[in-house]
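S.K.: What follows is protein.pdb; its format and atoms are PDB, C-alpha atoms and all ligand atoms.
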ATOM      1  CA  MET A1390     -10.445  19.677  15.642  1.00  0.00           C
ATOM      2  CA  ILE A1391      -8.117  21.099  18.345  1.00  0.00           C
ATOM      3  CA  GLN A1392      -8.979  24.508  16.870  1.00  0.00           C
ATOM      4  CA  GLU A1393     -12.724  23.905  17.206  1.00  0.00           C
ATOM      5  CA  ILE A1394     -12.363  22.712  20.807  1.00  0.00           C
ATOM      6  CA  ALA A1395     -10.262  25.785  21.639  1.00  0.00           C
ATOM      7  CA  THR A1396     -12.937  28.031  20.129  1.00  0.00           C
ATOM      8  CA  ALA A1397     -15.685  26.312  22.128  1.00  0.00           C
ATOM      9  CA  LEU A1398     -13.673  26.648  25.342  1.00  0.00           C
ATOM     10  CA  THR A1399     -13.003  30.332  24.695  1.00  0.00           C
ATOM     11  CA  VAL A1400     -16.721  30.925  24.225  1.00  0.00           C
ATOM     12  CA  VAL A1401     -17.455  29.105  27.485  1.00  0.00           C
ATOM     13  CA  LYS A1402     -14.847  31.283  29.242  1.00  0.00           C
ATOM     14  CA  ASN A1403     -16.393  34.462  27.806  1.00  0.00           C
ATOM     15  CA  LEU A1404     -19.834  33.319  28.953  1.00  0.00           C
ATOM     16  CA  LYS A1405     -18.512  32.817  32.476  1.00  0.00           C
ATOM     17  CA  ASP A1406     -16.795  36.224  32.441  1.00  0.00           C
ATOM     18  CA  ILE A1407     -19.965  38.083  31.573  1.00  0.00           C
ATOM     19  CA  SER A1408     -22.385  35.916  33.499  1.00  0.00           C
ATOM     20  CA  GLY A1409     -22.477  38.451  36.344  1.00  0.00           C
ATOM     21  CA  ARG A1410     -23.183  41.547  34.287  1.00  0.00           C
ATOM     22  CA  ILE A1411     -25.056  39.844  31.528  1.00  0.00           C
ATOM     23  CA  LYS A1412     -27.096  41.417  28.782  1.00  0.00           C
ATOM     24  CA  ASP A1413     -29.531  39.095  27.132  1.00  0.00           C
ATOM     25  CA  ALA A1414     -28.504  39.891  23.530  1.00  0.00           C
ATOM     26  CA  GLU A1415     -24.791  39.442  24.195  1.00  0.00           C
ATOM     27  CA  PHE A1416     -25.459  36.158  25.946  1.00  0.00           C
ATOM     28  CA  LYS A1417     -27.501  34.852  23.066  1.00  0.00           C
ATOM     29  CA  ILE A1418     -24.758  35.701  20.562  1.00  0.00           C
ATOM     30  CA  LEU A1419     -22.151  33.860  22.603  1.00  0.00           C
ATOM     31  CA  LEU A1420     -24.463  30.935  23.046  1.00  0.00           C
ATOM     32  CA  ALA A1421     -24.973  30.768  19.280  1.00  0.00           C
ATOM     33  CA  ASP A1422     -21.168  30.864  18.805  1.00  0.00           C
ATOM     34  CA  LEU A1423     -20.801  28.010  21.244  1.00  0.00           C
ATOM     35  CA  GLN A1424     -23.473  26.021  19.514  1.00  0.00           C
ATOM     36  CA  MET A1425     -21.750  26.507  16.164  1.00  0.00           C
ATOM     37  CA  ALA A1426     -18.354  25.549  17.550  1.00  0.00           C
ATOM     38  CA  LEU A1427     -19.795  22.382  19.073  1.00  0.00           C
ATOM     39  CA  ALA A1428     -21.558  21.521  15.813  1.00  0.00           C
ATOM     40  CA  ASP A1429     -18.206  21.837  13.987  1.00  0.00           C
ATOM     41  CA  ILE A1430     -16.633  19.486  16.524  1.00  0.00           C
ATOM     42  CA  LYS A1431     -19.436  17.004  16.012  1.00  0.00           C
ATOM     43  CA  VAL A1432     -18.867  17.006  12.234  1.00  0.00           C
ATOM     44  CA  LYS A1433     -15.107  16.627  12.652  1.00  0.00           C
ATOM     45  CA  CYS A1434     -15.629  13.763  15.100  1.00  0.00           C
ATOM     46  CA  ALA A1435     -17.869  11.970  12.620  1.00  0.00           C
ATOM     47  CA  ASP A1436     -15.226  12.433   9.893  1.00  0.00           C
ATOM     48  CA  LEU A1437     -12.516  11.089  12.181  1.00  0.00           C
ATOM     49  CA  THR A1438     -14.621   8.104  13.188  1.00  0.00           C
ATOM     50  CA  GLU A1439     -15.233   7.279   9.538  1.00  0.00           C
ATOM     51  CA  GLU A1440     -11.532   7.696   8.711  1.00  0.00           C
ATOM     52  CA  ASN A1441     -10.645   5.514  11.690  1.00  0.00           C
ATOM     53  CA  ILE A1442     -12.959   2.725  10.532  1.00  0.00           C
ATOM     54  CA  ARG A1443     -11.511   2.947   7.013  1.00  0.00           C
ATOM     55  CA  LEU A1444      -7.928   2.759   8.333  1.00  0.00           C
ATOM     56  CA  ARG A1445      -8.743  -0.182  10.608  1.00  0.00           C
ATOM     57  CA  ARG A1446     -10.212  -2.057   7.658  1.00  0.00           C
ATOM     58  CA  GLU A1447      -7.171  -1.243   5.526  1.00  0.00           C
ATOM     59  CA  LEU A1448      -4.824  -2.345   8.305  1.00  0.00           C
ATOM     60  CA  SER A1449      -6.649  -5.617   8.773  1.00  0.00           C
ATOM     61  CA  ARG A1450      -6.597  -6.219   5.012  1.00  0.00           C
ATOM     62  CA  VAL A1451      -2.839  -5.553   4.866  1.00  0.00           C
ATOM     63  CA  SER A1452      -2.048  -7.774   7.842  1.00  0.00           C
ATOM     64  CA  GLU A1453      -4.297 -10.505   6.468  1.00  0.00           C
ATOM     65  CA  SER A1454      -2.488 -10.320   3.150  1.00  0.00           C
ATOM     66  CA  ASP A1455       0.823 -10.409   5.036  1.00  0.00           C
ATOM     67  CA  ASN A1456      -0.284 -13.561   6.889  1.00  0.00           C
ATOM     68  CA  VAL A1457      -1.387 -15.096   3.599  1.00  0.00           C
ATOM     69  CA  ARG A1458       2.034 -14.383   2.089  1.00  0.00           C
ATOM     70  CA  LYS A1459       3.773 -16.194   4.947  1.00  0.00           C
ATOM     71  CA  ASN A1460       1.539 -19.207   4.496  1.00  0.00           C
ATOM     72  CA  ILE A1461       1.923 -19.610   0.766  1.00  0.00           C
ATOM     73  CA  GLU A1462       4.265 -21.657  -1.378  1.00  0.00           C
ATOM     74  CA  PHE A1463       4.989 -21.612  -5.089  1.00  0.00           C
ATOM     75  CA  LYS A1464       4.693 -25.016  -6.758  1.00  0.00           C
ATOM     76  CA  ASP A1465       4.672 -25.749 -10.502  1.00  0.00           C
ATOM     77  CA  GLY A1466       3.895 -22.122 -11.309  1.00  0.00           C
ATOM     78  CA  LEU A1467       0.927 -21.869  -8.910  1.00  0.00           C
ATOM     79  CA  TYR A1468       0.401 -20.856  -5.306  1.00  0.00           C
ATOM     80  CA  TYR A1469      -0.746 -23.257  -2.587  1.00  0.00           C
ATOM     81  CA  LEU A1470      -1.355 -22.855   1.142  1.00  0.00           C
ATOM     82  CA  LYS A1471       1.441 -24.387   3.242  1.00  0.00           C
ATOM     83  CA  THR A1472      -0.878 -25.098   6.153  1.00  0.00           C
ATOM     84  CA  PRO A1473      -4.663 -25.410   5.830  1.00  0.00           C
ATOM     85  CA  VAL A1474      -6.789 -22.377   6.668  1.00  0.00           C
ATOM     86  CA  GLU A1475     -10.363 -22.945   7.793  1.00  0.00           C
ATOM     87  CA  GLY A1476     -12.835 -22.052   5.095  1.00  0.00           C
ATOM     88  CA  ARG A1477     -10.215 -21.833   2.357  1.00  0.00           C
ATOM     89  CA  PRO A1478      -9.206 -24.420  -0.216  1.00  0.00           C
ATOM     90  CA  SER A1479      -5.512 -25.355  -0.173  1.00  0.00           C
ATOM     91  CA  GLY A1480      -5.138 -24.152  -3.745  1.00  0.00           C
ATOM     92  CA  PRO A1481      -4.127 -23.686  -6.434  1.00  0.00           C
ATOM     93  CA  TYR A1482      -4.277 -19.893  -6.293  1.00  0.00           C
ATOM     94  CA  CYS A1483      -3.745 -17.435  -9.132  1.00  0.00           C
ATOM     95  CA  PRO A1484      -0.155 -16.105  -9.226  1.00  0.00           C
ATOM     96  CA  GLY A1485      -1.191 -13.102 -11.326  1.00  0.00           C
ATOM     97  CA  CYS A1486      -3.882 -11.941  -8.907  1.00  0.00           C
ATOM     98  CA  LEU A1487      -1.725 -12.430  -5.808  1.00  0.00           C
ATOM     99  CA  ASP A1488       1.386 -10.779  -7.234  1.00  0.00           C
ATOM    100  CA  THR A1489      -0.409  -7.835  -8.805  1.00  0.00           C
ATOM    101  CA  HIS A1490      -3.416  -7.204  -6.554  1.00  0.00           C
ATOM    102  CA  GLU A1491      -2.558  -9.047  -3.309  1.00  0.00           C
ATOM    103  CA  ARG A1492      -5.697 -11.001  -3.920  1.00  0.00           C
ATOM    104  CA  LEU A1493      -5.887 -14.683  -3.034  1.00  0.00           C
ATOM    105  CA  GLN A1494      -8.016 -16.058  -5.833  1.00  0.00           C
ATOM    106  CA  VAL A1495      -8.566 -19.794  -6.085  1.00  0.00           C
ATOM    107  CA  LEU A1496      -8.295 -21.173  -9.626  1.00  0.00           C
ATOM    108  CA  ARG A1497     -11.095 -23.085 -11.299  1.00  0.00           C
ATOM    109  CA  LYS A1498     -10.367 -26.498 -12.771  1.00  0.00           C
ATOM    110  CA  LEU A1499     -11.146 -26.483 -16.467  1.00  0.00           C
ATOM    111  CA  PRO A1500     -13.345 -29.278 -17.791  1.00  0.00           C
ATOM    112  CA  LYS A1501     -11.570 -31.987 -19.762  1.00  0.00           C
ATOM    113  CA  ASP A1502     -12.745 -30.552 -23.094  1.00  0.00           C
ATOM    114  CA  PHE A1503     -11.078 -27.216 -22.341  1.00  0.00           C
ATOM    115  CA  GLU A1504      -7.751 -28.599 -21.186  1.00  0.00           C
ATOM    116  CA  VAL A1505      -6.386 -27.548 -24.551  1.00  0.00           C
ATOM    117  CA  PHE A1506      -5.975 -24.148 -22.819  1.00  0.00           C
ATOM    118  CA  GLY A1507      -4.531 -25.484 -19.570  1.00  0.00           C
ATOM    119  CA  GLN A1508      -5.717 -27.235 -16.452  1.00  0.00           C
ATOM    120  CA  PHE A1509      -6.912 -24.204 -14.514  1.00  0.00           C
ATOM    121  CA  GLU A1510      -8.492 -20.828 -15.185  1.00  0.00           C
ATOM    122  CA  CYS A1511      -8.625 -17.726 -12.984  1.00  0.00           C
ATOM    123  CA  PRO A1512     -12.226 -16.457 -12.791  1.00  0.00           C
ATOM    124  CA  ILE A1513     -10.943 -12.925 -12.151  1.00  0.00           C
ATOM    125  CA  CYS A1514      -8.055 -12.269 -14.560  1.00  0.00           C
ATOM    126  CA  LYS A1515      -9.080 -15.060 -16.979  1.00  0.00           C
ATOM    127  CA  GLN A1516      -5.536 -16.406 -17.301  1.00  0.00           C
ATOM    128  CA  ASN A1517      -5.048 -20.114 -17.851  1.00  0.00           C
ATOM    129  CA  PHE A1518      -2.511 -22.128 -15.916  1.00  0.00           C
ATOM    130  CA  GLY A1519      -1.113 -25.600 -15.812  1.00  0.00           C
ATOM    131  CA  LYS A1520      -0.006 -27.882 -18.569  1.00  0.00           C
ATOM    132  CA  SER A1521      -2.019 -27.446 -21.740  1.00  0.00           C
ATOM    133  CA  GLU A1522      -2.167 -29.459 -24.928  1.00  0.00           C
ATOM    134  CA  MET A1523      -0.832 -26.353 -26.700  1.00  0.00           C
ATOM    135  CA  ASP A1524       2.471 -26.947 -24.881  1.00  0.00           C
ATOM    136  CA  ASP A1525       2.994 -30.040 -27.009  1.00  0.00           C
ATOM    137  CA  PHE A1526       2.800 -27.943 -30.179  1.00  0.00           C
ATOM    138  CA  SER A1527       4.683 -24.811 -29.194  1.00  0.00           C
ATOM    139  CA  GLY A1528       7.188 -26.361 -26.855  1.00  0.00           C
ATOM    140  CA  PHE A1529       6.346 -23.522 -24.469  1.00  0.00           C
ATOM    141  CA  SER A1530       5.302 -24.456 -20.976  1.00  0.00           C
ATOM    142  CA  ALA A1531       3.480 -22.075 -18.683  1.00  0.00           C
ATOM    143  CA  THR A1532       4.576 -24.086 -15.667  1.00  0.00           C
TER     144      THR A1532
HETATM  145 ZN    ZN A1601      -6.032 -14.216 -11.558  1.00  0.00          ZN
END
In structure tokens, write the structure found in this file.
Ligand SMILES: [Zn+2]
M.R.:
Amino acid sequence: MIQEIATALTVVKNLKDISGRIKDAEFKILLADLQMALADIKVKCADLTEENIRLRRELSRVSESDNVRKNIEFKDGLYYLKTPVEGRPSGPYCPGCLDTHERLQVLRKLPKDFEVFGQFECPICKQNFGKSEMDDFSGFSAT
């Protein structure tokens, strides 16, 4: 964009230089150049504004996820908030989603009939967590 601004300024300077001894055609050409240079700047500005908005969003997402990390504790194989956050349940949260995608996803309690698979299910990655009745057969515990 520095380049486009420099071009626009050069055109303005040229216009000033010839303003005394001006020929209509020459003036019109320079004016068209100036118009084009300013249009380029406008496009670049729009791109930069868009990029800026995107980066701000990304930064706020990263710092939010950083704050979440500081406020989370690992208990019995699941994540819970250490201190309550307004508008968020205290947990449990999916360890898979947080560790892999930095996503704080609250787990859904499975109905009694489904507890054969575990106590909780992640609606996003579909993993089951918590003690399941299967544990009694395999001797393997997910917790
Ligand atoms: Zn998950």
S.K.: Return as a PyMOL selection string every polymer residue, whether protein, DNA or RNA, with at least one atom no more than 6 Å from an atom of ligand ZN 1601 (chain A); count all atoms listed in the file.
M.R.: chain A and resi 1483+1485-1486+1511+1513-1514
S.K.: Rank nothing, just name the residue among A:Ala1421, A:Leu1398, A:Leu1493, A:Met1390 nearest to Arg1450 in chain A, using all atoms listed in the file.
M.R.: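 Distance minimum relative to Arg1450 in chain A lands on A:Leu1493.
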S.K.: Apply the PyMOL selection byres (((chain A and resi 1510) around 6) and not hetatm) to the file shown and report the selected residues as a ChimeraX atom specification.
M.R.: /A:1496-1497,1509,1511,1516-1517
S.K.: With all atoms listed in the file as the atoms that count, which of A:Asp1422, A:Glu1462, A:Asp1406, A:Glu1491 lies nearest to Ser1479 in chain A?
M.R.: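 Ranking A:Asp1422, A:Glu1462, A:Asp1406, A:Glu1491 by distance to Ser1479 in chain A, first place goes to A:Glu1462.
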S.K.: Give as a PDB file with C-alpha atoms, keeping the file's coordinate frame the residues that the PyMOL selection byres (((chain A and resi 1481) around 6) and not hetatm) matches when applied to the coordinates above.
M.R.:
ATOM      1  CA  LEU A1467       0.927 -21.869  -8.910  1.00  0.00           C
ATOM      2  CA  TYR A1468       0.401 -20.856  -5.306  1.00  0.00           C
ATOM      3  CA  TYR A1469      -0.746 -23.257  -2.587  1.00  0.00           C
ATOM      4  CA  GLY A1480      -5.138 -24.152  -3.745  1.00  0.00           C
ATOM      5  CA  TYR A1482      -4.277 -19.893  -6.293  1.00  0.00           C
ATOM      6  CA  VAL A1495      -8.566 -19.794  -6.085  1.00  0.00           C
ATOM      7  CA  LEU A1496      -8.295 -21.173  -9.626  1.00  0.00           C
TER       8      LEU A1496
END
S.K.: Ranking A:Gln1392, A:Asp1413, A:Glu1440, A:Gln1494 by minimum distance to Pro1478 in chain A and counting all atoms listed in the file, which one comes first?
M.R.: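 Among the listed residues, the smallest separation from Pro1478 in chain A belongs to A:Gln1494.
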S.K.: Got a sec to resolve the PyMOL selection byres (((chain A and resi 1397) around 12) and not hetatm) on this structure and send the residues as a compact mmCIF listing (two decimals) with C-alpha atoms, in the frame of the given file?
M.R.:
# COMPACT_ATOMS: atom_id res chain seq x y z
CA MET A 1390 -10.44 19.68 15.64
CA ILE A 1391 -8.12 21.10 18.34
CA GLN A 1392 -8.98 24.51 16.87
CA GLU A 1393 -12.72 23.90 17.21
CA ILE A 1394 -12.36 22.71 20.81
CA ALA A 1395 -10.26 25.78 21.64
CA THR A 1396 -12.94 28.03 20.13
CA LEU A 1398 -13.67 26.65 25.34
CA THR A 1399 -13.00 30.33 24.70
CA VAL A 1400 -16.72 30.92 24.22
CA VAL A 1401 -17.45 29.10 27.48
CA LYS A 1402 -14.85 31.28 29.24
CA ASN A 1403 -16.39 34.46 27.81
CA LEU A 1404 -19.83 33.32 28.95
CA LEU A 1419 -22.15 33.86 22.60
CA LEU A 1420 -24.46 30.94 23.05
CA ALA A 1421 -24.97 30.77 19.28
CA ASP A 1422 -21.17 30.86 18.80
CA LEU A 1423 -20.80 28.01 21.24
CA GLN A 1424 -23.47 26.02 19.51
CA MET A 1425 -21.75 26.51 16.16
CA ALA A 1426 -18.35 25.55 17.55
CA LEU A 1427 -19.80 22.38 19.07
CA ALA A 1428 -21.56 21.52 15.81
CA ASP A 1429 -18.21 21.84 13.99
CA ILE A 1430 -16.63 19.49 16.52
CA LYS A 1431 -19.44 17.00 16.01
S.K.: Hey, which of A:His1490, A:Lys1520, A:Lys1498, A:Phe1506 ends up closest to Ser1454 in chain A? Count all atoms listed in the file.
M.R.: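 Ranked by minimum distance to Ser1454 in chain A, first place goes to A:His1490.
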S.K.: At what distance in Å, to one decimal, does CA of Glu1453 in chain A lie from CA of Gly1476 in chain A?
M.R.: 14.4 Å
S.K.: Using the file's own x, y and z axes, what box holds all listed atoms of range 1396-1412 of chain A with 6 Å on each side, keeping edges along x, y and z, and what are its centre and edge lengths in Å to one decimal, as AutoDock Vina command-line options?
M.R.:
--center_x -20.0 --center_y 33.9 --center_z 28.2 --size_x 26.2 --size_y 27.2 --size_z 28.2
S.K.: Please measure the separation of CA of Pro1484 in chain A and CA of Glu1504 in chain A, giving the value in Å to one decimal.
M.R.: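 About the pair CA of Pro1484 in chain A and CA of Glu1504 in chain A: they are 18.9 Å apart.
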S.K.: CA of Lys1471 in chain A and CA of Pro1500 in chain A are how many Å apart?
M.R.: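 Interatomic distance, CA of Lys1471 in chain A to CA of Pro1500 in chain A: 26.2 Å.
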